[in-house]
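input.pdb (PDB, C-alpha atoms)
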MODEL        1
ATOM      1  CA  MET A 934      10.472   7.013 -45.729
ATOM      2  CA  PRO A 935      11.259  10.323 -43.955
ATOM      3  CA  LYS A 936      14.860  10.831 -42.997
ATOM      4  CA  GLY A 937      15.861  10.975 -39.336
ATOM      5  CA  SER A 938      17.877  13.787 -37.796
ATOM      6  CA  ASN A 939      21.053  11.676 -37.763
ATOM      7  CA  GLN A 940      20.740  10.516 -41.364
ATOM      8  CA  LYS A 941      24.188  11.791 -42.325
ATOM      9  CA  LEU A 942      25.686   9.436 -39.767
ATOM     10  CA  LYS A 943      23.800   6.390 -41.014
ATOM     11  CA  LEU A 944      26.853   4.586 -42.448
ATOM     12  CA  TYR A 945      28.820   5.219 -39.262
ATOM     13  CA  TYR A 946      26.049   3.883 -37.043
ATOM     14  CA  LEU A 947      25.549   0.912 -39.345
ATOM     15  CA  SER A 948      29.243   0.020 -39.078
ATOM     16  CA  ARG A 949      29.015   0.208 -35.275
ATOM     17  CA  ILE A 950      25.930  -1.990 -35.195
ATOM     18  CA  MET A 951      27.539  -4.622 -37.396
ATOM     19  CA  THR A 952      30.912  -4.710 -35.599
ATOM     20  CA  GLU A 953      29.490  -4.467 -32.063
ATOM     21  CA  LYS A 954      26.457  -6.724 -32.346
ATOM     22  CA  THR A 955      27.614  -9.423 -34.748
ATOM     23  CA  ASP A 956      30.403 -11.939 -35.169
ATOM     24  CA  ASP A 957      30.738 -15.463 -36.534
ATOM     25  CA  GLU A 958      28.452 -16.755 -33.786
ATOM     26  CA  HIS A 959      25.899 -13.925 -33.668
ATOM     27  CA  MET A 960      23.824 -12.660 -36.611
ATOM     28  CA  ILE A 961      21.007 -10.159 -37.046
ATOM     29  CA  THR A 962      18.171  -9.733 -39.522
ATOM     30  CA  MET A 963      17.466  -6.703 -41.677
ATOM     31  CA  GLN A 964      14.577  -5.788 -39.400
ATOM     32  CA  GLU A 965      16.878  -5.883 -36.357
ATOM     33  CA  ILE A 966      19.326  -3.643 -38.210
ATOM     34  CA  GLN A 967      16.541  -1.165 -38.946
ATOM     35  CA  ASP A 968      15.442  -1.217 -35.296
ATOM     36  CA  ALA A 969      19.020  -0.641 -34.120
ATOM     37  CA  LEU A 970      19.395   2.306 -36.505
ATOM     38  CA  ALA A 971      16.087   3.723 -35.280
ATOM     39  CA  ALA A 972      17.530   3.749 -31.753
ATOM     40  CA  TYR A 973      20.149   6.179 -33.114
ATOM     41  CA  GLY A 974      17.439   8.303 -34.717
ATOM     42  CA  VAL A 975      18.164   7.009 -38.212
ATOM     43  CA  SER A 976      15.520   5.637 -40.543
ATOM     44  CA  ALA A 977      16.428   3.398 -43.487
ATOM     45  CA  ASP A 978      14.567   1.316 -46.033
ATOM     46  CA  ARG A 979      15.791  -2.089 -47.121
ATOM     47  CA  LYS A 980      16.959  -0.984 -50.568
ATOM     48  CA  SER A 981      19.230   1.753 -49.161
ATOM     49  CA  LEU A 982      20.603  -0.690 -46.573
ATOM     50  CA  TYR A 983      21.618  -3.143 -49.291
ATOM     51  CA  ASP A 984      23.669  -0.325 -50.854
ATOM     52  CA  ASP A 985      25.080   0.608 -47.442
ATOM     53  CA  MET A 986      26.175  -2.971 -46.780
ATOM     54  CA  GLU A 987      28.105  -2.923 -50.052
ATOM     55  CA  ALA A 988      29.665   0.413 -49.026
ATOM     56  CA  LEU A 989      30.851  -1.199 -45.770
ATOM     57  CA  ARG A 990      32.479  -4.005 -47.750
ATOM     58  CA  ILE A 991      34.296  -1.466 -49.901
ATOM     59  CA  LEU A 992      35.499   0.214 -46.701
ATOM     60  CA  GLY A 993      36.996  -3.091 -45.565
ATOM     61  CA  ILE A 994      34.295  -4.413 -43.221
ATOM     62  CA  ASP A 995      33.639  -8.059 -44.053
ATOM     63  CA  VAL A 996      29.815  -8.026 -44.051
ATOM     64  CA  ILE A 997      28.382 -11.452 -44.810
ATOM     65  CA  GLY A 998      24.745 -12.178 -45.657
ATOM     66  CA  GLU A 999      23.303 -15.672 -45.695
ATOM     67  CA  LYS A1000      19.878 -17.274 -45.793
ATOM     68  CA  ILE A1001      19.003 -19.540 -42.877
ATOM     69  CA  GLY A1002      15.568 -21.070 -43.169
ATOM     70  CA  ARG A1003      13.146 -18.390 -44.314
ATOM     71  CA  ASN A1004      15.162 -15.458 -43.004
ATOM     72  CA  PHE A1005      18.250 -13.659 -44.269
ATOM     73  CA  TYR A1006      20.904 -12.910 -41.653
ATOM     74  CA  TYR A1007      23.893 -10.576 -41.611
ATOM     75  CA  HIS A1008      27.120 -10.584 -39.612
ATOM     76  CA  VAL A1009      30.720  -9.397 -39.794
ATOM     77  CA  GLY A1010      33.148 -12.202 -40.597
ATOM     78  CA  GLU A1011      36.874 -11.515 -40.651
ATOM     79  CA  LYS A1012      37.813  -8.497 -38.532
ATOM     80  CA  GLN A1013      40.954  -6.438 -38.177
ATOM     81  CA  PHE A1014      41.840  -8.547 -35.133
ATOM     82  CA  GLU A1015      40.698 -12.078 -34.394
ATOM     83  CA  ILE A1016      39.357 -12.653 -30.877
ATOM     84  CA  ALA A1017      42.361 -14.896 -30.111
ATOM     85  CA  GLU A1018      44.705 -12.053 -31.119
ATOM     86  CA  LEU A1019      42.818  -9.584 -28.894
ATOM     87  CA  LYS A1020      43.023 -11.999 -25.968
ATOM     88  CA  LEU A1021      46.774 -12.257 -26.493
ATOM     89  CA  LEU A1022      47.124  -8.459 -26.496
ATOM     90  CA  VAL A1023      44.997  -8.122 -23.355
ATOM     91  CA  ASP A1024      47.086 -10.757 -21.568
ATOM     92  CA  ALA A1025      50.300  -8.988 -22.597
ATOM     93  CA  ILE A1026      49.020  -5.634 -21.349
ATOM     94  CA  GLN A1027      47.812  -6.986 -18.017
ATOM     95  CA  SER A1028      50.974  -8.940 -17.318
ATOM     96  CA  SER A1029      53.338  -6.138 -18.347
ATOM     97  CA  ARG A1030      55.059  -4.403 -15.462
ATOM     98  CA  PHE A1031      55.961  -1.521 -17.767
ATOM     99  CA  ILE A1032      52.329  -0.485 -18.335
ATOM    100  CA  THR A1033      50.639   1.223 -15.381
ATOM    101  CA  GLU A1034      47.318   0.018 -13.973
ATOM    102  CA  LYS A1035      45.522   3.103 -15.271
ATOM    103  CA  LYS A1036      46.958   2.808 -18.766
ATOM    104  CA  SER A1037      46.276  -0.943 -18.784
ATOM    105  CA  ASN A1038      42.574  -0.293 -18.210
ATOM    106  CA  GLU A1039      42.510   2.407 -20.894
ATOM    107  CA  LEU A1040      44.206   0.211 -23.493
ATOM    108  CA  ILE A1041      42.018  -2.810 -22.758
ATOM    109  CA  LYS A1042      38.903  -0.652 -23.049
ATOM    110  CA  LYS A1043      40.063   0.458 -26.489
ATOM    111  CA  LEU A1044      40.782  -3.123 -27.509
ATOM    112  CA  THR A1045      37.264  -4.220 -26.538
ATOM    113  CA  GLY A1046      35.992  -1.701 -29.086
ATOM    114  CA  LEU A1047      37.543  -3.863 -31.802
ATOM    115  CA  ALA A1048      35.366  -6.832 -30.853
ATOM    116  CA  SER A1049      31.635  -7.494 -30.795
ATOM    117  CA  GLU A1050      29.824  -6.950 -27.503
ATOM    118  CA  TYR A1051      29.675 -10.731 -27.115
ATOM    119  CA  GLU A1052      33.400 -11.180 -27.733
ATOM    120  CA  ALA A1053      34.199  -8.220 -25.458
ATOM    121  CA  THR A1054      33.035 -10.209 -22.431
ATOM    122  CA  GLN A1055      35.814 -12.702 -23.186
ATOM    123  CA  LEU A1056      38.380  -9.898 -23.022
ATOM    124  CA  LYS A1057      37.579  -9.093 -19.401
ATOM    125  CA  ARG A1058      40.330 -11.419 -18.294
ATOM    126  CA  GLN A1059      42.404 -11.298 -15.160
ATOM    127  CA  VAL A1060      45.930 -12.490 -15.772
ATOM    128  CA  SER A1061      47.636 -13.543 -12.561
ATOM    129  CA  VAL A1062      51.386 -13.060 -12.578
ATOM    130  CA  GLN A1063      53.209 -13.818  -9.351
ATOM    131  CA  GLY A1064      55.056 -10.848  -7.883
ATOM    132  CA  ARG A1065      53.785  -8.448 -10.517
ATOM    133  CA  VAL A1066      54.189  -4.791  -9.540
ATOM    134  CA  LYS A1067      52.790  -2.296 -12.014
ATOM    135  CA  ASN A1068      54.858   0.734 -12.917
ATOM    136  CA  MET A1069      53.815   3.976 -11.222
ATOM    137  CA  ASN A1070      55.224   6.422 -13.786
ATOM    138  CA  GLU A1071      52.416   7.627 -16.053
ATOM    139  CA  SER A1072      54.731   9.910 -18.052
ATOM    140  CA  ILE A1073      56.712   6.975 -19.429
ATOM    141  CA  TYR A1074      54.559   6.857 -22.586
ATOM    142  CA  TYR A1075      55.544  10.404 -23.462
ATOM    143  CA  SER A1076      59.184   9.609 -22.674
ATOM    144  CA  VAL A1077      59.128   6.690 -25.115
ATOM    145  CA  ASP A1078      57.568   8.939 -27.744
ATOM    146  CA  ASP A1079      60.221  11.630 -27.196
ATOM    147  CA  VAL A1080      63.026   9.094 -27.574
ATOM    148  CA  HIS A1081      61.522   7.665 -30.764
ATOM    149  CA  ARG A1082      61.196  11.192 -32.169
ATOM    150  CA  ALA A1083      64.811  12.017 -31.322
ATOM    151  CA  ILE A1084      65.992   8.835 -33.056
ATOM    152  CA  ALA A1085      63.880   9.622 -36.132
ATOM    153  CA  GLU A1086      65.210  13.199 -36.256
ATOM    154  CA  ASN A1087      68.826  12.104 -35.588
ATOM    155  CA  LYS A1088      69.073  14.339 -32.500
ATOM    156  CA  GLN A1089      70.707  14.063 -29.084
ATOM    157  CA  ILE A1090      68.624  14.267 -25.906
ATOM    158  CA  LEU A1091      69.066  15.759 -22.440
ATOM    159  CA  PHE A1092      67.336  14.293 -19.394
ATOM    160  CA  GLU A1093      67.466  13.833 -15.646
ATOM    161  CA  TYR A1094      68.070  10.273 -14.489
ATOM    162  CA  MET A1095      66.272   9.315 -11.307
ATOM    163  CA  LYS A1096      66.569   6.754  -8.526
ATOM    164  CA  TRP A1097      64.327   5.698  -5.649
ATOM    165  CA  ASN A1098      65.116   6.831  -2.106
ATOM    166  CA  THR A1099      63.963   5.276   1.179
ATOM    167  CA  ASP A1100      60.973   7.632   1.272
ATOM    168  CA  ARG A1101      59.754   5.914  -1.928
ATOM    169  CA  LYS A1102      60.309   9.066  -3.927
ATOM    170  CA  LEU A1103      62.329   9.547  -7.093
ATOM    171  CA  GLU A1104      65.358  11.789  -6.803
ATOM    172  CA  ARG A1105      68.156  12.740  -9.178
ATOM    173  CA  ARG A1106      70.939  10.206  -9.527
ATOM    174  CA  ARG A1107      73.328  13.107 -10.074
ATOM    175  CA  LYS A1108      72.969  16.899 -10.203
ATOM    176  CA  ALA A1109      74.091  17.315 -13.823
ATOM    177  CA  PRO A1110      71.683  16.115 -16.512
ATOM    178  CA  TYR A1111      72.696  13.403 -18.963
ATOM    179  CA  ILE A1112      73.309  14.249 -22.621
ATOM    180  CA  VAL A1113      73.398  11.221 -24.906
ATOM    181  CA  SER A1114      72.763  10.117 -28.474
ATOM    182  CA  PRO A1115      69.779   7.718 -28.526
ATOM    183  CA  TRP A1116      70.084   4.801 -30.926
ATOM    184  CA  ALA A1117      67.590   2.147 -29.890
ATOM    185  CA  LEU A1118      64.883   1.157 -27.444
ATOM    186  CA  THR A1119      64.783  -2.368 -26.135
ATOM    187  CA  TRP A1120      62.685  -4.450 -23.797
ATOM    188  CA  GLY A1121      64.445  -6.393 -21.074
ATOM    189  CA  ASP A1122      63.894  -7.462 -17.490
ATOM    190  CA  GLU A1123      60.241  -6.333 -17.903
ATOM    191  CA  ASN A1124      61.300  -2.736 -18.538
ATOM    192  CA  TYR A1125      61.925  -0.398 -21.451
ATOM    193  CA  TYR A1126      65.564   0.605 -21.906
ATOM    194  CA  LEU A1127      67.213   3.285 -23.988
ATOM    195  CA  ILE A1128      70.446   2.207 -25.658
ATOM    196  CA  ALA A1129      72.527   5.328 -26.229
ATOM    197  CA  TYR A1130      76.031   6.574 -26.897
ATOM    198  CA  ASP A1131      77.607   8.723 -24.186
ATOM    199  CA  GLU A1132      80.091  10.913 -26.042
ATOM    200  CA  GLU A1133      81.779  12.155 -22.853
ATOM    201  CA  ALA A1134      82.459   8.616 -21.624
ATOM    202  CA  ASP A1135      82.967   7.329 -25.192
ATOM    203  CA  ARG A1136      80.883   4.225 -24.574
ATOM    204  CA  ILE A1137      77.461   2.713 -25.146
ATOM    205  CA  LYS A1138      75.164   2.877 -22.124
ATOM    206  CA  HIS A1139      71.611   1.912 -21.293
ATOM    207  CA  PHE A1140      69.009   3.724 -19.199
ATOM    208  CA  ARG A1141      65.631   2.631 -17.852
ATOM    209  CA  VAL A1142      63.086   4.823 -19.606
ATOM    210  CA  ASP A1143      60.719   4.995 -16.622
ATOM    211  CA  LYS A1144      63.527   6.658 -14.638
ATOM    212  CA  MET A1145      64.204   9.300 -17.287
ATOM    213  CA  LYS A1146      62.585  12.641 -16.534
ATOM    214  CA  ASN A1147      62.257  16.015 -18.296
ATOM    215  CA  ILE A1148      63.532  14.776 -21.644
ATOM    216  CA  LYS A1149      64.520  17.502 -24.096
ATOM    217  CA  ILE A1150      65.459  16.970 -27.724
ATOM    218  CA  LEU A1151      68.570  19.011 -28.498
ATOM    219  CA  ASP A1152      69.476  20.670 -31.758
ATOM    220  CA  ARG A1153      72.577  18.499 -32.076
ATOM    221  CA  LYS A1154      73.150  15.585 -34.394
ATOM    222  CA  ARG A1155      73.650  12.186 -32.786
ATOM    223  CA  ALA A1156      77.187  10.953 -32.198
ATOM    224  CA  GLY A1157      78.490   7.395 -32.073
ATOM    225  CA  ARG A1158      77.317   6.164 -35.466
ATOM    226  CA  ASP A1159      80.514   4.139 -35.944
ATOM    227  CA  LYS A1160      80.034   2.505 -32.541
ATOM    228  CA  PHE A1161      76.582   1.302 -33.534
ATOM    229  CA  LYS A1162      77.594  -0.055 -36.928
ATOM    230  CA  GLU A1163      78.998  -3.111 -35.169
ATOM    231  CA  PHE A1164      76.554  -3.054 -32.253
ATOM    232  CA  ASN A1165      74.481  -6.218 -31.754
ATOM    233  CA  LEU A1166      71.443  -5.434 -29.623
ATOM    234  CA  ALA A1167      70.535  -9.088 -29.052
ATOM    235  CA  SER A1168      74.030  -9.947 -27.831
ATOM    236  CA  TYR A1169      74.112  -6.840 -25.641
ATOM    237  CA  SER A1170      70.828  -7.799 -23.964
ATOM    238  CA  LYS A1171      71.988 -11.379 -23.324
ATOM    239  CA  MET A1172      75.312 -10.204 -21.931
ATOM    240  CA  ASN A1173      73.846  -7.727 -19.420
ATOM    241  CA  PHE A1174      72.013  -9.616 -16.697
ATOM    242  CA  GLY A1175      68.938  -7.668 -15.632
ATOM    243  CA  MET A1176      70.353  -4.894 -17.831
ATOM    244  CA  PHE A1177      72.952  -4.167 -15.134
ATOM    245  CA  GLY A1178      76.145  -3.161 -16.849
ATOM    246  CA  GLY A1179      79.654  -4.348 -16.166
ATOM    247  CA  ASP A1180      82.908  -5.030 -17.928
ATOM    248  CA  PRO A1181      82.401  -7.575 -20.728
ATOM    249  CA  ILE A1182      84.351 -10.763 -20.152
ATOM    250  CA  LYS A1183      84.345 -14.329 -21.442
ATOM    251  CA  VAL A1184      83.536 -16.807 -18.704
ATOM    252  CA  LYS A1185      83.948 -20.584 -18.853
ATOM    253  CA  LEU A1186      81.207 -22.463 -17.009
ATOM    254  CA  ALA A1187      80.475 -26.076 -16.190
ATOM    255  CA  PHE A1188      76.902 -27.232 -15.579
ATOM    256  CA  LYS A1189      74.875 -30.380 -15.120
ATOM    257  CA  ASP A1190      73.421 -31.664 -18.383
ATOM    258  CA  GLU A1191      69.821 -31.157 -17.229
ATOM    259  CA  LEU A1192      70.506 -27.394 -17.110
ATOM    260  CA  VAL A1193      71.267 -27.143 -20.825
ATOM    261  CA  GLY A1194      67.817 -25.596 -21.440
ATOM    262  CA  VAL A1195      68.512 -22.893 -18.847
ATOM    263  CA  PHE A1196      71.718 -21.894 -20.620
ATOM    264  CA  LEU A1197      70.167 -21.976 -24.094
ATOM    265  CA  ASP A1198      67.267 -19.810 -22.881
ATOM    266  CA  ARG A1199      69.664 -17.329 -21.302
ATOM    267  CA  PHE A1200      72.436 -17.108 -23.915
ATOM    268  CA  GLY A1201      70.858 -18.411 -27.113
ATOM    269  CA  SER A1202      71.025 -21.651 -29.065
ATOM    270  CA  ASP A1203      74.317 -20.769 -30.766
ATOM    271  CA  ILE A1204      76.538 -21.023 -27.670
ATOM    272  CA  PRO A1205      79.229 -23.753 -27.725
ATOM    273  CA  ILE A1206      78.421 -26.810 -25.620
ATOM    274  CA  ARG A1207      80.987 -29.539 -25.053
ATOM    275  CA  ALA A1208      81.174 -32.574 -22.805
ATOM    276  CA  SER A1209      82.974 -32.097 -19.502
ATOM    277  CA  LYS A1210      85.464 -34.520 -17.971
ATOM    278  CA  GLU A1211      82.932 -35.340 -15.292
ATOM    279  CA  LYS A1212      80.075 -37.563 -16.423
ATOM    280  CA  GLY A1213      76.722 -35.856 -16.619
ATOM    281  CA  TRP A1214      78.255 -32.381 -16.930
ATOM    282  CA  SER A1215      78.871 -30.056 -19.880
ATOM    283  CA  GLU A1216      80.867 -26.871 -20.412
ATOM    284  CA  THR A1217      80.356 -23.625 -22.287
ATOM    285  CA  THR A1218      82.070 -20.269 -22.736
ATOM    286  CA  VAL A1219      79.908 -17.149 -22.852
ATOM    287  CA  GLU A1220      80.494 -13.421 -22.829
ATOM    288  CA  VAL A1221      78.807 -11.577 -19.967
ATOM    289  CA  ALA A1222      78.887  -8.193 -18.304
ATOM    290  CA  LEU A1223      80.557  -9.022 -14.996
ATOM    291  CA  SER A1224      78.156  -7.739 -12.357
ATOM    292  CA  ASP A1225      76.583  -8.742  -9.053
ATOM    293  CA  GLN A1226      73.487  -9.756 -11.032
ATOM    294  CA  PHE A1227      75.469 -12.295 -13.057
ATOM    295  CA  LEU A1228      77.053 -13.722  -9.910
ATOM    296  CA  GLY A1229      73.613 -13.834  -8.294
ATOM    297  CA  TRP A1230      72.307 -15.848 -11.235
ATOM    298  CA  ILE A1231      75.159 -18.328 -10.811
ATOM    299  CA  PHE A1232      74.531 -18.506  -7.054
ATOM    300  CA  ALA A1233      70.838 -19.253  -7.636
ATOM    301  CA  LEU A1234      71.765 -22.337  -9.672
ATOM    302  CA  GLY A1235      73.543 -23.735  -6.627
ATOM    303  CA  THR A1236      75.693 -26.831  -6.961
ATOM    304  CA  ASP A1237      74.495 -27.503 -10.511
ATOM    305  CA  VAL A1238      76.858 -24.943 -12.034
ATOM    306  CA  MET A1239      80.479 -23.901 -11.507
ATOM    307  CA  ILE A1240      82.661 -21.045 -12.752
ATOM    308  CA  LEU A1241      85.852 -22.533 -14.208
ATOM    309  CA  SER A1242      87.672 -19.430 -15.450
ATOM    310  CA  PRO A1243      89.029 -16.793 -15.566
ATOM    311  CA  GLU A1244      90.595 -16.911 -12.131
ATOM    312  CA  ASN A1245      89.647 -13.340 -11.178
ATOM    313  CA  VAL A1246      85.956 -14.130 -11.711
ATOM    314  CA  VAL A1247      86.259 -17.317  -9.637
ATOM    315  CA  LYS A1248      87.989 -15.294  -6.889
ATOM    316  CA  ARG A1249      85.319 -12.594  -6.943
ATOM    317  CA  PHE A1250      82.578 -15.207  -6.628
ATOM    318  CA  GLU A1251      84.373 -16.874  -3.697
ATOM    319  CA  ASP A1252      84.766 -13.486  -1.983
ATOM    320  CA  GLU A1253      81.051 -12.756  -2.440
ATOM    321  CA  ILE A1254      80.168 -16.098  -0.832
ATOM    322  CA  ASP A1255      82.529 -15.391   2.071
ATOM    323  CA  SER A1256      80.989 -11.941   2.569
ATOM    324  CA  ILE A1257      77.498 -13.406   2.722
ATOM    325  CA  ARG A1258      78.667 -16.090   5.173
ATOM    326  CA  GLU A1259      80.176 -13.401   7.426
ATOM    327  CA  MET A1260      76.857 -11.538   7.580
ATOM    328  CA  TYR A1261      75.151 -14.528   9.163
ATOM    329  CA  LYS A1262      77.749 -15.249  11.849
TER
ENDMDL
END

What's the structure tokens form of this structure?
Amino acid sequence: MPKGSNQKLKLYYLSRIMTEKTDDEHMITMQEIQDALAAYGVSADRKSLYDDMEALRILGIDVIGEKIGRNFYYHVGEKQFEIAELKLLVDAIQSSRFITEKKSNELIKKLTGLASEYEATQLKRQVSVQGRVKNMNESIYYSVDDVHRAIAENKQILFEYMKWNTDRKLERRRKAPYIVSPWALTWGDENYYLIAYDEEADRIKHFRVDKMKNIKILDRKRAGRDKFKEFNLASYSKMNFGMFGGDPIKVKLAFKDELVGVFLDRFGSDIPIRASKEKGWSETTVEVALSDQFLGWIFALGTDVMILSPENVVKRFEDEIDSIREMYK
């Protein structure tokens, strides 16, 4: 059989045909494989295709052949990603505020390439998340990459930290750039955050990555290694409500028993829980970063929760309530 002009690409085209046109529910015959290759300008006899199928198996493509009735059918069985796993990834991408609309579409398009054309139709899902606002900063992916590279190379970084103004434009939070030692990236409050050591302030800080601009990796070794030896990222994330910082403080709270799940979800299953004097109530003591966001969380729980101590936190909460009341007079 004469060779077609794209003969050198035969194995590549064969792998595409098998992964795109077959799955556990869809199979093709040898003749259909030959016809599909012919559409790419590739001719192949049956004997060479048997060898090519074995080559695909060696390359890690799970080609399965089975006789059904009088015909022999071929399909790809186990793939790099199961369709359920791809659906999960698509849902995560679509519902993520961190990933822009444009990048979401690009990533999902790439994911569909890992499924058959039949399975790909199942990946065209529309995940509805109430109040979802997609990020508008396309450069965030490069910022994340720069931070990861700085961490890997043990280098400090310089960047401008931005904030939104009333004209819906980003402007510098301060004139001087920030110079910090990056130690970790974390996901919280639907955003990416950099956890870094600020040598000038001698403290650990966090920054929203989508608000970091013009990142430069400096030729300086990171500082703050001793600080991070005892740093617990999970505890830090739980303590900072909405990743808004504040002075860490232990707060004693009382709450109705039916809210125990809310507190375990927020602070973890290892927090102390003890019965309160009042029936149907429990108490706990947790460490939090004292901020308006923490007080707002308490306020949202209404009469089902109460701050017991320390007194200065109780007083601050009372003052906040009074201030709000005054606004509506």

query: Suppose you want the space between CA of Val1080 in chain A and CA of Leu1021 in chain A; what is it in Å?
result: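 Taking CA of Val1080 in chain A and CA of Leu1021 in chain A, their separation equals 26.9 Å.
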
If you apply the PyMOL selection byres ((chain A and resi 1236) around 12) to this file, what residues do you get, as a compact mmCIF listing (two decimals) with C-alpha atoms, in the frame of the given file?
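Okay, out-v9.txt is ready:
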# COMPACT_ATOMS: atom_id res chain seq x y z
CA ALA A 1187 80.47 -26.08 -16.19
CA PHE A 1188 76.90 -27.23 -15.58
CA LYS A 1189 74.88 -30.38 -15.12
CA LEU A 1192 70.51 -27.39 -17.11
CA TRP A 1214 78.26 -32.38 -16.93
CA ILE A 1231 75.16 -18.33 -10.81
CA PHE A 1232 74.53 -18.51 -7.05
CA ALA A 1233 70.84 -19.25 -7.64
CA LEU A 1234 71.76 -22.34 -9.67
CA GLY A 1235 73.54 -23.74 -6.63
CA ASP A 1237 74.50 -27.50 -10.51
CA VAL A 1238 76.86 -24.94 -12.03
CA MET A 1239 80.48 -23.90 -11.51
CA ILE A 1240 82.66 -21.04 -12.75

task: Starting from the shown file, work through the PyMOL selection byres ((chain A and resi 1107-1112) around 12) and note down what comes out as a ChimeraX atom specification.
output: /A:1088-1096,1103-1106,1113-1115,1129-1134,1138-1140,1145-1156

task: Report as a PyMOL selection string the residues that result from applying the PyMOL selection byres ((chain A and resi 1042-1047) around 12) to the structure here.
output: chain A and resi 948-956+994+1009+1011-1016+1018-1024+1026+1035-1041+1048-1058

- request: Determine the nearest neighbour of Lys1144 in chain A from the options A:Phe1161, A:Tyr946, A:Trp1116, A:Tyr1074, counting all atoms listed in the file.
  value: A:Tyr1074

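Of the listed residues (A:Ser1029, A:Ser1076, A:Gln967, A:Ser1209), A:Gln967 comes nearest to Ser981 in chain A; the distances count all atoms listed in the file.
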
- prompt: So what do you get for CA of Gly998 in chain A versus CA of Lys941 in chain A, distance-wise?
  reply: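 One can read the CA of Gly998 in chain A to CA of Lys941 in chain A distance as 24.2 Å.
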
Spatial neighbours of Thr962 in chain A, max dist 12 Å, only C-alpha atoms, sep filter under 4 positions, as a ChimeraX atom specification: /A:950-951,954-955,966-969,979,982,997-1001,1003-1008

Could you write out that same residue set with C-alpha atoms as a compact mmCIF listing (two decimals), keeping the file's coordinate frame?
# COMPACT_ATOMS: atom_id res chain seq x y z
CA ILE A 950 25.93 -1.99 -35.20
CA MET A 951 27.54 -4.62 -37.40
CA LYS A 954 26.46 -6.72 -32.35
CA THR A 955 27.61 -9.42 -34.75
CA ILE A 966 19.33 -3.64 -38.21
CA GLN A 967 16.54 -1.16 -38.95
CA ASP A 968 15.44 -1.22 -35.30
CA ALA A 969 19.02 -0.64 -34.12
CA ARG A 979 15.79 -2.09 -47.12
CA LEU A 982 20.60 -0.69 -46.57
CA ILE A 997 28.38 -11.45 -44.81
CA GLY A 998 24.74 -12.18 -45.66
CA GLU A 999 23.30 -15.67 -45.70
CA LYS A 1000 19.88 -17.27 -45.79
CA ILE A 1001 19.00 -19.54 -42.88
CA ARG A 1003 13.15 -18.39 -44.31
CA ASN A 1004 15.16 -15.46 -43.00
CA PHE A 1005 18.25 -13.66 -44.27
CA TYR A 1006 20.90 -12.91 -41.65
CA TYR A 1007 23.89 -10.58 -41.61
CA HIS A 1008 27.12 -10.58 -39.61

Centre and edges of the range 1001-1006 of chain A box, axis-aligned, 6 Å extra per side, as lines of an AutoDock Vina configuration file:
center_x = 17.0
center_y = -17.0
center_z = -43.0
size_x = 19.8
size_y = 20.2
size_z = 14.7

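The interatomic distance for the pair CA of Tyr1075 in chain A and CA of Trp1097 in chain A works out to 20.4 Å.
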
Counting all atoms listed in the file, the residue of A:Gly1229, A:Asp978, A:Gly1157, A:Arg1030 that sits nearest Asn1087 in chain A: A:Gly1157

message: Between A:Val1193, A:Ala972, A:Val1142, A:Ile1137, which residue has the minimum interatomic distance to Glu1163 in chain A, considering all atoms listed in the file?
response: A:Ile1137
